[in-house]
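One file, work_13.csv, is given below (CSV, C-alpha atoms).
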```
chain,number,residue,atom,x,y,z
A,1,MET,CA,-18.6,9.1,-48.5
A,2,LYS,CA,-17.7,7.9,-45.0
A,3,ARG,CA,-16.8,4.2,-45.0
A,4,PHE,CA,-15.4,4.2,-41.5
A,5,ARG,CA,-16.9,5.6,-38.3
A,6,LEU,CA,-16.8,5.5,-34.6
A,7,SER,CA,-20.1,4.9,-32.8
A,8,GLU,CA,-21.1,5.7,-29.2
A,9,THR,CA,-24.2,3.5,-29.7
A,10,ALA,CA,-24.9,-0.1,-30.6
A,11,ILE,CA,-24.1,-1.1,-34.2
A,12,ASP,CA,-27.2,-2.1,-36.2
A,13,VAL,CA,-25.7,-4.7,-38.5
A,14,ALA,CA,-28.9,-5.2,-40.5
A,15,ARG,CA,-29.1,-1.6,-41.3
A,16,GLU,CA,-25.3,-1.1,-42.1
A,17,ARG,CA,-25.3,-4.1,-44.4
A,18,GLY,CA,-27.4,-2.2,-46.9
A,19,ALA,CA,-24.5,0.1,-47.7
A,20,LEU,CA,-22.7,-2.9,-49.3
A,21,ASP,CA,-25.5,-3.7,-51.8
A,22,HIS,CA,-24.2,-3.7,-55.4
A,23,ALA,CA,-25.7,-5.3,-58.5
A,24,ALA,CA,-22.3,-6.7,-59.6
A,25,ALA,CA,-21.6,-8.2,-56.2
A,26,GLY,CA,-21.9,-11.9,-55.7
A,27,GLY,CA,-21.6,-12.0,-52.0
A,28,TYR,CA,-20.6,-10.2,-48.8
A,29,VAL,CA,-18.3,-11.1,-46.0
A,30,SER,CA,-18.4,-9.6,-42.5
A,31,PHE,CA,-16.4,-9.7,-39.3
A,32,GLU,CA,-18.0,-9.1,-35.9
A,33,GLY,CA,-15.6,-8.5,-33.0
A,34,TRP,CA,-17.3,-9.2,-29.6
A,35,VAL,CA,-16.4,-8.4,-26.0
A,36,ARG,CA,-15.3,-11.7,-24.5
A,37,ASP,CA,-15.3,-12.5,-20.8
A,38,HIS,CA,-11.7,-13.4,-20.5
A,39,ASN,CA,-8.2,-12.3,-21.7
A,40,ASP,CA,-4.8,-13.5,-20.9
A,41,GLY,CA,-6.2,-15.9,-18.2
A,42,ARG,CA,-8.2,-13.2,-16.4
A,43,ALA,CA,-11.9,-12.9,-16.0
A,44,VAL,CA,-13.2,-9.7,-17.7
A,45,ARG,CA,-16.3,-7.9,-16.6
A,46,ARG,CA,-16.6,-5.1,-19.1
A,47,LEU,CA,-14.4,-2.8,-21.1
A,48,ASP,CA,-14.0,0.8,-22.3
A,49,TYR,CA,-12.8,1.9,-25.7
A,50,GLN,CA,-11.2,5.3,-26.0
A,51,ALA,CA,-10.3,6.9,-29.3
A,52,TYR,CA,-8.5,10.0,-30.6
A,53,ALA,CA,-11.6,10.6,-32.7
A,54,PRO,CA,-10.4,12.9,-35.5
A,55,LEU,CA,-7.3,10.8,-36.3
A,56,ALA,CA,-9.2,7.5,-35.9
A,57,ALA,CA,-11.8,8.7,-38.4
A,58,SER,CA,-9.2,9.8,-41.0
A,59,GLU,CA,-7.0,6.7,-40.5
A,60,GLY,CA,-10.0,4.4,-40.7
A,61,GLU,CA,-11.1,6.1,-43.9
A,62,ALA,CA,-7.6,5.7,-45.3
A,63,ILE,CA,-7.6,1.9,-44.6
A,64,LEU,CA,-11.0,1.4,-46.3
A,65,ALA,CA,-9.8,3.4,-49.3
A,66,GLU,CA,-6.7,1.3,-49.5
A,67,ALA,CA,-8.7,-1.9,-49.3
A,68,LEU,CA,-10.9,-0.8,-52.2
A,69,ALA,CA,-7.7,-0.1,-54.3
A,70,ARG,CA,-5.9,-3.2,-53.2
A,71,PHE,CA,-8.7,-5.8,-53.5
A,72,ALA,CA,-11.3,-6.6,-56.2
A,73,VAL,CA,-14.2,-5.6,-54.0
A,74,ARG,CA,-17.3,-3.4,-54.6
A,75,GLU,CA,-17.8,-1.8,-51.3
A,76,ALA,CA,-16.4,-1.9,-47.7
A,77,ARG,CA,-17.5,-0.5,-44.4
A,78,CYS,CA,-16.2,-0.5,-40.8
A,79,ILE,CA,-17.7,0.7,-37.6
A,80,HIS,CA,-15.9,0.7,-34.2
A,81,ARG,CA,-17.6,1.3,-30.9
A,82,VAL,CA,-16.3,3.7,-28.3
A,83,GLY,CA,-17.3,4.1,-24.7
A,84,ALA,CA,-18.4,1.4,-22.1
A,85,LEU,CA,-19.2,-2.1,-23.5
A,86,ALA,CA,-20.5,-5.2,-21.8
A,87,ILE,CA,-19.6,-8.8,-22.4
A,88,GLY,CA,-21.1,-10.0,-25.7
A,89,ASP,CA,-21.4,-6.5,-27.1
A,90,LEU,CA,-20.5,-6.0,-30.7
A,91,ALA,CA,-17.2,-3.9,-30.6
A,92,VAL,CA,-16.3,-3.7,-34.2
A,93,TRP,CA,-18.0,-4.6,-37.5
A,94,VAL,CA,-16.4,-5.0,-40.9
A,95,GLY,CA,-18.4,-5.6,-44.1
A,96,VAL,CA,-17.1,-6.2,-47.6
A,97,SER,CA,-19.0,-7.0,-50.8
A,98,ALA,CA,-17.3,-8.3,-53.9
A,99,ASP,CA,-18.1,-10.1,-57.2
A,100,HIS,CA,-16.3,-13.2,-55.9
A,101,ARG,CA,-15.7,-14.6,-52.4
A,102,ASP,CA,-11.9,-14.8,-52.4
A,103,ALA,CA,-11.5,-11.0,-52.6
A,104,ALA,CA,-14.2,-10.4,-50.1
A,105,PHE,CA,-12.6,-12.7,-47.5
A,106,ALA,CA,-9.1,-11.4,-48.1
A,107,ALA,CA,-10.2,-7.7,-47.9
A,108,CYS,CA,-12.3,-8.3,-44.7
A,109,ARG,CA,-9.3,-9.9,-43.0
A,110,TRP,CA,-6.9,-7.2,-44.2
A,111,ILE,CA,-9.2,-4.4,-43.0
A,112,ILE,CA,-9.7,-5.7,-39.4
A,113,ASP,CA,-6.0,-6.4,-39.1
A,114,GLU,CA,-5.1,-2.8,-40.3
A,115,VAL,CA,-7.7,-1.3,-38.0
A,116,LYS,CA,-6.3,-3.1,-35.0
A,117,ARG,CA,-2.7,-2.1,-36.0
A,118,ARG,CA,-3.2,1.5,-37.1
A,119,VAL,CA,-6.3,3.2,-35.8
A,120,PRO,CA,-5.9,5.2,-32.5
A,121,ILE,CA,-8.3,3.3,-30.3
A,122,TRP,CA,-7.4,1.9,-26.9
A,123,LYS,CA,-9.1,-0.9,-24.9
A,124,ASN,CA,-9.3,-0.7,-21.1
A,125,GLU,CA,-10.3,-4.0,-19.6
A,126,HIS,CA,-12.1,-4.2,-16.2
A,127,TYR,CA,-11.3,-7.4,-14.4
A,128,ALA,CA,-13.4,-9.5,-12.0
A,129,ASP,CA,-10.9,-8.7,-9.2
A,130,GLY,CA,-11.7,-5.0,-9.5
A,131,GLU,CA,-8.4,-4.1,-11.3
A,132,SER,CA,-8.4,-2.5,-14.8
A,133,GLY,CA,-5.7,-2.0,-17.4
A,134,TRP,CA,-5.0,-0.6,-20.8
A,135,LEU,CA,-3.9,-3.1,-23.3
A,136,HIS,CA,-1.1,-3.4,-25.9
A,137,PRO,CA,-1.9,-4.6,-29.4
A,138,ASP,CA,-1.0,-8.1,-28.5
A,139,ASN,CA,-3.5,-8.0,-25.6
A,140,THR,CA,-0.8,-7.9,-22.9
A,141,PRO,CA,-1.2,-5.3,-20.2
A,142,VAL,CA,0.5,-1.9,-20.2
A,143,GLY,CA,1.4,-2.3,-16.5
A,144,GLU,CA,5.2,-1.8,-17.1
A,145,LEU,CA,4.5,1.7,-18.3
A,146,ALA,CA,6.6,3.5,-15.7
A,147,PRO,CA,9.4,2.4,-13.4
A,148,GLY,CA,7.8,1.0,-10.3
A,149,GLY,CA,4.4,1.6,-11.9
B,1,MET,CA,5.6,28.5,-27.7
B,2,THR,CA,2.4,27.2,-26.3
B,3,TYR,CA,1.1,23.7,-27.2
B,4,ARG,CA,-2.1,21.9,-26.5
B,5,LEU,CA,-1.4,18.3,-25.6
B,6,LEU,CA,-4.0,15.5,-25.5
B,7,TYR,CA,-3.3,12.3,-23.6
B,8,PHE,CA,-5.0,8.9,-24.1
B,9,ALA,CA,-5.1,5.5,-22.4
B,10,SER,CA,-2.1,4.8,-20.1
B,11,LEU,CA,-0.5,8.2,-20.8
B,12,ALA,CA,-3.7,10.0,-19.6
B,13,ASP,CA,-3.7,7.8,-16.4
B,14,ARG,CA,0.0,8.5,-15.8
B,15,ALA,CA,-0.4,12.3,-16.4
B,16,GLY,CA,-3.6,12.4,-14.4
B,17,ARG,CA,-5.2,14.5,-17.1
B,18,ALA,CA,-6.6,14.2,-20.6
B,19,GLU,CA,-5.1,17.4,-21.9
B,20,GLU,CA,-2.9,20.3,-20.9
B,21,GLN,CA,-1.7,23.7,-22.3
B,22,ARG,CA,2.1,23.8,-22.0
B,23,ASP,CA,4.6,26.6,-22.5
B,24,SER,CA,7.7,25.0,-23.9
B,25,ALA,CA,11.0,25.7,-25.6
B,26,ALA,CA,10.7,22.4,-27.5
B,27,ARG,CA,10.6,22.8,-31.3
B,28,THR,CA,10.0,19.2,-32.3
B,29,PRO,CA,7.8,16.4,-31.0
B,30,GLN,CA,11.0,14.6,-30.0
B,31,GLU,CA,12.0,17.5,-27.7
B,32,LEU,CA,8.5,17.9,-26.4
B,33,TYR,CA,8.1,14.2,-25.6
B,34,ALA,CA,11.4,14.2,-23.6
B,35,GLU,CA,10.1,17.2,-21.6
B,36,VAL,CA,6.6,15.8,-20.8
B,37,ALA,CA,7.9,12.3,-20.2
B,38,ALA,CA,10.2,13.7,-17.5
B,39,ALA,CA,7.4,15.9,-16.1
B,40,HIS,CA,4.8,13.1,-15.9
B,41,GLY,CA,6.9,10.0,-15.4
B,42,PHE,CA,6.2,8.4,-18.8
B,43,ALA,CA,8.4,5.4,-19.4
B,44,PHE,CA,7.4,4.6,-22.9
B,45,ALA,CA,10.5,4.8,-25.1
B,46,ARG,CA,9.7,7.2,-27.9
B,47,GLU,CA,10.2,4.4,-30.4
B,48,ARG,CA,7.1,2.7,-29.1
B,49,LEU,CA,4.9,5.7,-29.7
B,50,ARG,CA,3.5,7.6,-32.7
B,51,VAL,CA,2.9,11.4,-32.7
B,52,ALA,CA,0.2,13.4,-34.3
B,53,VAL,CA,0.0,17.2,-34.8
B,54,ASN,CA,-3.3,18.9,-35.5
B,55,GLY,CA,-4.9,15.5,-36.2
B,56,ALA,CA,-2.4,14.1,-38.6
B,57,PHE,CA,0.6,11.7,-38.1
B,58,VAL,CA,4.0,13.5,-38.3
B,59,GLY,CA,7.6,12.6,-37.9
B,60,TRP,CA,9.5,13.1,-34.6
B,61,ASP,CA,11.5,16.0,-36.2
B,62,HIS,CA,8.4,17.8,-37.4
B,63,ALA,CA,8.7,21.6,-36.9
B,64,LEU,CA,6.1,22.6,-34.2
B,65,ALA,CA,4.2,25.9,-34.4
B,66,ASP,CA,2.7,27.9,-31.6
B,67,ARG,CA,-0.8,26.6,-30.6
B,68,ASP,CA,-0.3,23.2,-32.2
B,69,GLU,CA,-2.3,20.3,-30.8
B,70,VAL,CA,0.2,17.5,-30.1
B,71,VAL,CA,-0.8,14.0,-29.3
B,72,PHE,CA,1.7,11.2,-28.3
B,73,LEU,CA,-0.1,7.9,-29.2
B,74,PRO,CA,0.6,4.8,-27.1
B,75,PRO,CA,0.5,1.4,-28.9
B,76,VAL,CA,-3.2,1.0,-30.0
B,77,SER,CA,-5.5,-1.9,-29.0
B,78,GLY,CA,-8.7,-1.5,-30.9
B,79,GLY,CA,-10.7,-4.3,-32.4
```
Re-express the file's structure as structure tokens.
Amino acid sequence: MKRFRLSETAIDVARERGALDHAAAGGYVSFEGWVRDHNDGRAVRRLDYQAYAPLAASEGEAILAEALARFAVREARCIHRVGALAIGDLAVWVGVSADHRDAAFAACRWIIDEVKRRVPIWKNEHYADGESGWLHPDNTPVGELAPGG
Amino acid sequence: MTYRLLYFASLADRAGRAEEQRDSAARTPQELYAEVAAAHGFAFARERLRVAVNGAFVGWDHALADRDEVVFLPPVSGG
């Protein structure tokens, strides 16, 4: 069963949520990551996500399997967009169902943190001044990549 | 040996390509990265990157085989 996937099209949260249904679950927690119009003091017009798809899929799947082993949750899912996104678009969705809310909140937080830390996906921001740049995990630019570059 | 290299994000921009076939005497990712970093002007220290061979993470001293797909992964920024 695939719990993690990349999507080139908009994420339909209402449809995806159904995968978390479980008779023993008392609730579900989700995280939606959206494209915001600013970063590091600069106005952002849109962004592109690029992924090394085979490894992103296997690493994402490993994260969700680890979450199910680590937390008392019933089901977990994550979908990450790739391609061109506009301000306000849903970029990443995490959903977790559990018998009790503490585990659901903890697992959801852990999953999004691990996805941002480990899955080979890169964000390229396009700024209002016409420049663009790939970002580091801490959202600072990669501009110092090469000497003089 | 001939390797297929894929480049992503800032490394693809710097190399001016998303992939290349490369004949190389390098036998490990460490040796291969030193070679392509010099060829393309990559300034990322190896310690800041991860490396994958044929779709799985490996160590920098992994023994490469002919026709391997090698990817040097810049720091990620998903989410």
Requested in this report: Might you pull out every residue within 6 Å of Arg77 (chain A), with all atoms listed in the file counted and same-chain residues fewer than 6 positions away left off, and present them as a ChimeraX atom specification?
Outcome: /A:3-4,94-95
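Our summary of the geometry notes that CA of Lys123 (chain A) is positioned 15.9 Å from CA of Ala18 (chain B).
Proximity to Leu68 (chain A) at 12 Å, evaluated using all atoms listed in the file and with sequence-adjacent residues fewer than 6 positions away removed, yields Arg3, Glu61, Ala62, Arg74, Glu75, Ala76, Arg77, Val96, Ser97, Ala98, Ala103, Ala104, Ala106, Ala107, Cys108, Trp110 and Ile111 of chain A.
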Report task. Could you give me, as a ChimeraX atom specification, the residues that have an atom at most 9 Å away from the point (-6.6, 5.0, -38.0) in the coordinates of the file, using only C-alpha atoms? Result -> /A:55-63,114-121
Requested in this report: With a distance cut-off of 12 Å and only C-alpha atoms, select the neighbouring residues of Glu131 (chain A), excluding the residue or stretch itself and same-chain residues fewer than 2 positions from it, and output the selection as JSON, numbers by chain.
Outcome: {"A": [42, 43, 44, 45, 46, 47, 124, 125, 126, 127, 128, 129, 133, 134, 141, 143]}
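Residue nearest Ala15 (chain B), chosen from B:Ala52, B:Ala38, B:Met1, B:Leu32 and counting only C-alpha atoms: B:Ala38.
If you measure from each of B:Arg67, B:Arg27, B:Arg14, B:His62 to chain A using only C-alpha atoms, the closest one turns out to be B:Arg14.
If you measure from each of B:Gln30, B:Ser24, B:Thr2, B:Ser10 to chain A using all atoms listed in the file, the closest one turns out to be B:Ser10.
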For the interface of chain B with chain A (cut-off 10 Å, counting only C-alpha atoms), please tabulate each contacting residue of chain B alongside its nearest pair of atoms and their separation in Å to one decimal, rows sorted by chain and increasing number, as JSON lines.
```
{"residue": "B:Leu6", "atom": "CA", "partner": "A:Tyr52", "partner_atom": "CA", "distance": 8.7}
{"residue": "B:Tyr7", "atom": "CA", "partner": "A:Tyr52", "partner_atom": "CA", "distance": 9.0}
{"residue": "B:Phe8", "atom": "CA", "partner": "A:Gln50", "partner_atom": "CA", "distance": 7.4}
{"residue": "B:Ala9", "atom": "CA", "partner": "A:Trp122", "partner_atom": "CA", "distance": 6.2}
{"residue": "B:Ser10", "atom": "CA", "partner": "A:Trp134", "partner_atom": "CA", "distance": 6.2}
{"residue": "B:Leu11", "atom": "CA", "partner": "A:Leu145", "partner_atom": "CA", "distance": 8.6}
{"residue": "B:Asp13", "atom": "CA", "partner": "A:Trp134", "partner_atom": "CA", "distance": 9.6}
{"residue": "B:Arg14", "atom": "CA", "partner": "A:Ala146", "partner_atom": "CA", "distance": 8.3}
{"residue": "B:Ala37", "atom": "CA", "partner": "A:Ala146", "partner_atom": "CA", "distance": 10.0}
{"residue": "B:His40", "atom": "CA", "partner": "A:Ala146", "partner_atom": "CA", "distance": 9.8}
{"residue": "B:Gly41", "atom": "CA", "partner": "A:Ala146", "partner_atom": "CA", "distance": 6.5}
{"residue": "B:Phe42", "atom": "CA", "partner": "A:Ala146", "partner_atom": "CA", "distance": 5.8}
{"residue": "B:Ala43", "atom": "CA", "partner": "A:Ala146", "partner_atom": "CA", "distance": 4.5}
{"residue": "B:Phe44", "atom": "CA", "partner": "A:Leu145", "partner_atom": "CA", "distance": 6.2}
{"residue": "B:Ala45", "atom": "CA", "partner": "A:Leu145", "partner_atom": "CA", "distance": 9.6}
{"residue": "B:Arg50", "atom": "CA", "partner": "A:Pro120", "partner_atom": "CA", "distance": 9.7}
{"residue": "B:Ala52", "atom": "CA", "partner": "A:Leu55", "partner_atom": "CA", "distance": 8.2}
{"residue": "B:Val53", "atom": "CA", "partner": "A:Leu55", "partner_atom": "CA", "distance": 9.8}
{"residue": "B:Asn54", "atom": "CA", "partner": "A:Leu55", "partner_atom": "CA", "distance": 9.1}
{"residue": "B:Gly55", "atom": "CA", "partner": "A:Leu55", "partner_atom": "CA", "distance": 5.3}
{"residue": "B:Ala56", "atom": "CA", "partner": "A:Leu55", "partner_atom": "CA", "distance": 6.3}
{"residue": "B:Phe57", "atom": "CA", "partner": "A:Leu55", "partner_atom": "CA", "distance": 8.2}
{"residue": "B:Val71", "atom": "CA", "partner": "A:Tyr52", "partner_atom": "CA", "distance": 8.8}
{"residue": "B:Leu73", "atom": "CA", "partner": "A:Pro120", "partner_atom": "CA", "distance": 7.2}
{"residue": "B:Pro74", "atom": "CA", "partner": "A:Pro120", "partner_atom": "CA", "distance": 8.5}
{"residue": "B:Pro75", "atom": "CA", "partner": "A:His136", "partner_atom": "CA", "distance": 5.9}
{"residue": "B:Val76", "atom": "CA", "partner": "A:Trp122", "partner_atom": "CA", "distance": 5.3}
{"residue": "B:Ser77", "atom": "CA", "partner": "A:Pro137", "partner_atom": "CA", "distance": 4.5}
{"residue": "B:Gly78", "atom": "CA", "partner": "A:Ile121", "partner_atom": "CA", "distance": 4.9}
{"residue": "B:Gly79", "atom": "CA", "partner": "A:Lys116", "partner_atom": "CA", "distance": 5.2}
```
Could the residues in this selection be saved with C-alpha atoms as an mmCIF file, in the frame of the given file?
```
data_model
loop_
_atom_site.group_PDB
_atom_site.id
_atom_site.type_symbol
_atom_site.label_atom_id
_atom_site.label_comp_id
_atom_site.auth_asym_id
_atom_site.auth_seq_id
_atom_site.Cartn_x
_atom_site.Cartn_y
_atom_site.Cartn_z
ATOM 1 C CA LEU B 6 -4.000 15.500 -25.500
ATOM 2 C CA TYR B 7 -3.300 12.300 -23.600
ATOM 3 C CA PHE B 8 -5.000 8.900 -24.100
ATOM 4 C CA ALA B 9 -5.100 5.500 -22.400
ATOM 5 C CA SER B 10 -2.100 4.800 -20.100
ATOM 6 C CA LEU B 11 -0.500 8.200 -20.800
ATOM 7 C CA ASP B 13 -3.700 7.800 -16.400
ATOM 8 C CA ARG B 14 0.000 8.500 -15.800
ATOM 9 C CA ALA B 37 7.900 12.300 -20.200
ATOM 10 C CA HIS B 40 4.800 13.100 -15.900
ATOM 11 C CA GLY B 41 6.900 10.000 -15.400
ATOM 12 C CA PHE B 42 6.200 8.400 -18.800
ATOM 13 C CA ALA B 43 8.400 5.400 -19.400
ATOM 14 C CA PHE B 44 7.400 4.600 -22.900
ATOM 15 C CA ALA B 45 10.500 4.800 -25.100
ATOM 16 C CA ARG B 50 3.500 7.600 -32.700
ATOM 17 C CA ALA B 52 0.200 13.400 -34.300
ATOM 18 C CA VAL B 53 0.000 17.200 -34.800
ATOM 19 C CA ASN B 54 -3.300 18.900 -35.500
ATOM 20 C CA GLY B 55 -4.900 15.500 -36.200
ATOM 21 C CA ALA B 56 -2.400 14.100 -38.600
ATOM 22 C CA PHE B 57 0.600 11.700 -38.100
ATOM 23 C CA VAL B 71 -0.800 14.000 -29.300
ATOM 24 C CA LEU B 73 -0.100 7.900 -29.200
ATOM 25 C CA PRO B 74 0.600 4.800 -27.100
ATOM 26 C CA PRO B 75 0.500 1.400 -28.900
ATOM 27 C CA VAL B 76 -3.200 1.000 -30.000
ATOM 28 C CA SER B 77 -5.500 -1.900 -29.000
ATOM 29 C CA GLY B 78 -8.700 -1.500 -30.900
ATOM 30 C CA GLY B 79 -10.700 -4.300 -32.400
#
```
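For the pair CA of Gly59 (chain B) and CA of Thr28 (chain B), the interatomic distance is 9.0 Å.
With distances taken over all atoms listed in the file, A:Val29 is the one residue among A:Leu6, A:Leu85, A:Val29, A:Ile79 lying closest to Arg109 (chain A).
Separating CA of Asp21 (chain A) from CA of Ala65 (chain A) is a distance of 17.4 Å.
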Query raised in the report: If we count only C-alpha atoms, what is near Tyr3 (chain B) at a cut-off of 10 Å, once residues fewer than 2 positions away on the same chain are taken out, given as number ranges by chain?
Result: B: 1, 5-6, 20-24, 26, 32, 64-70
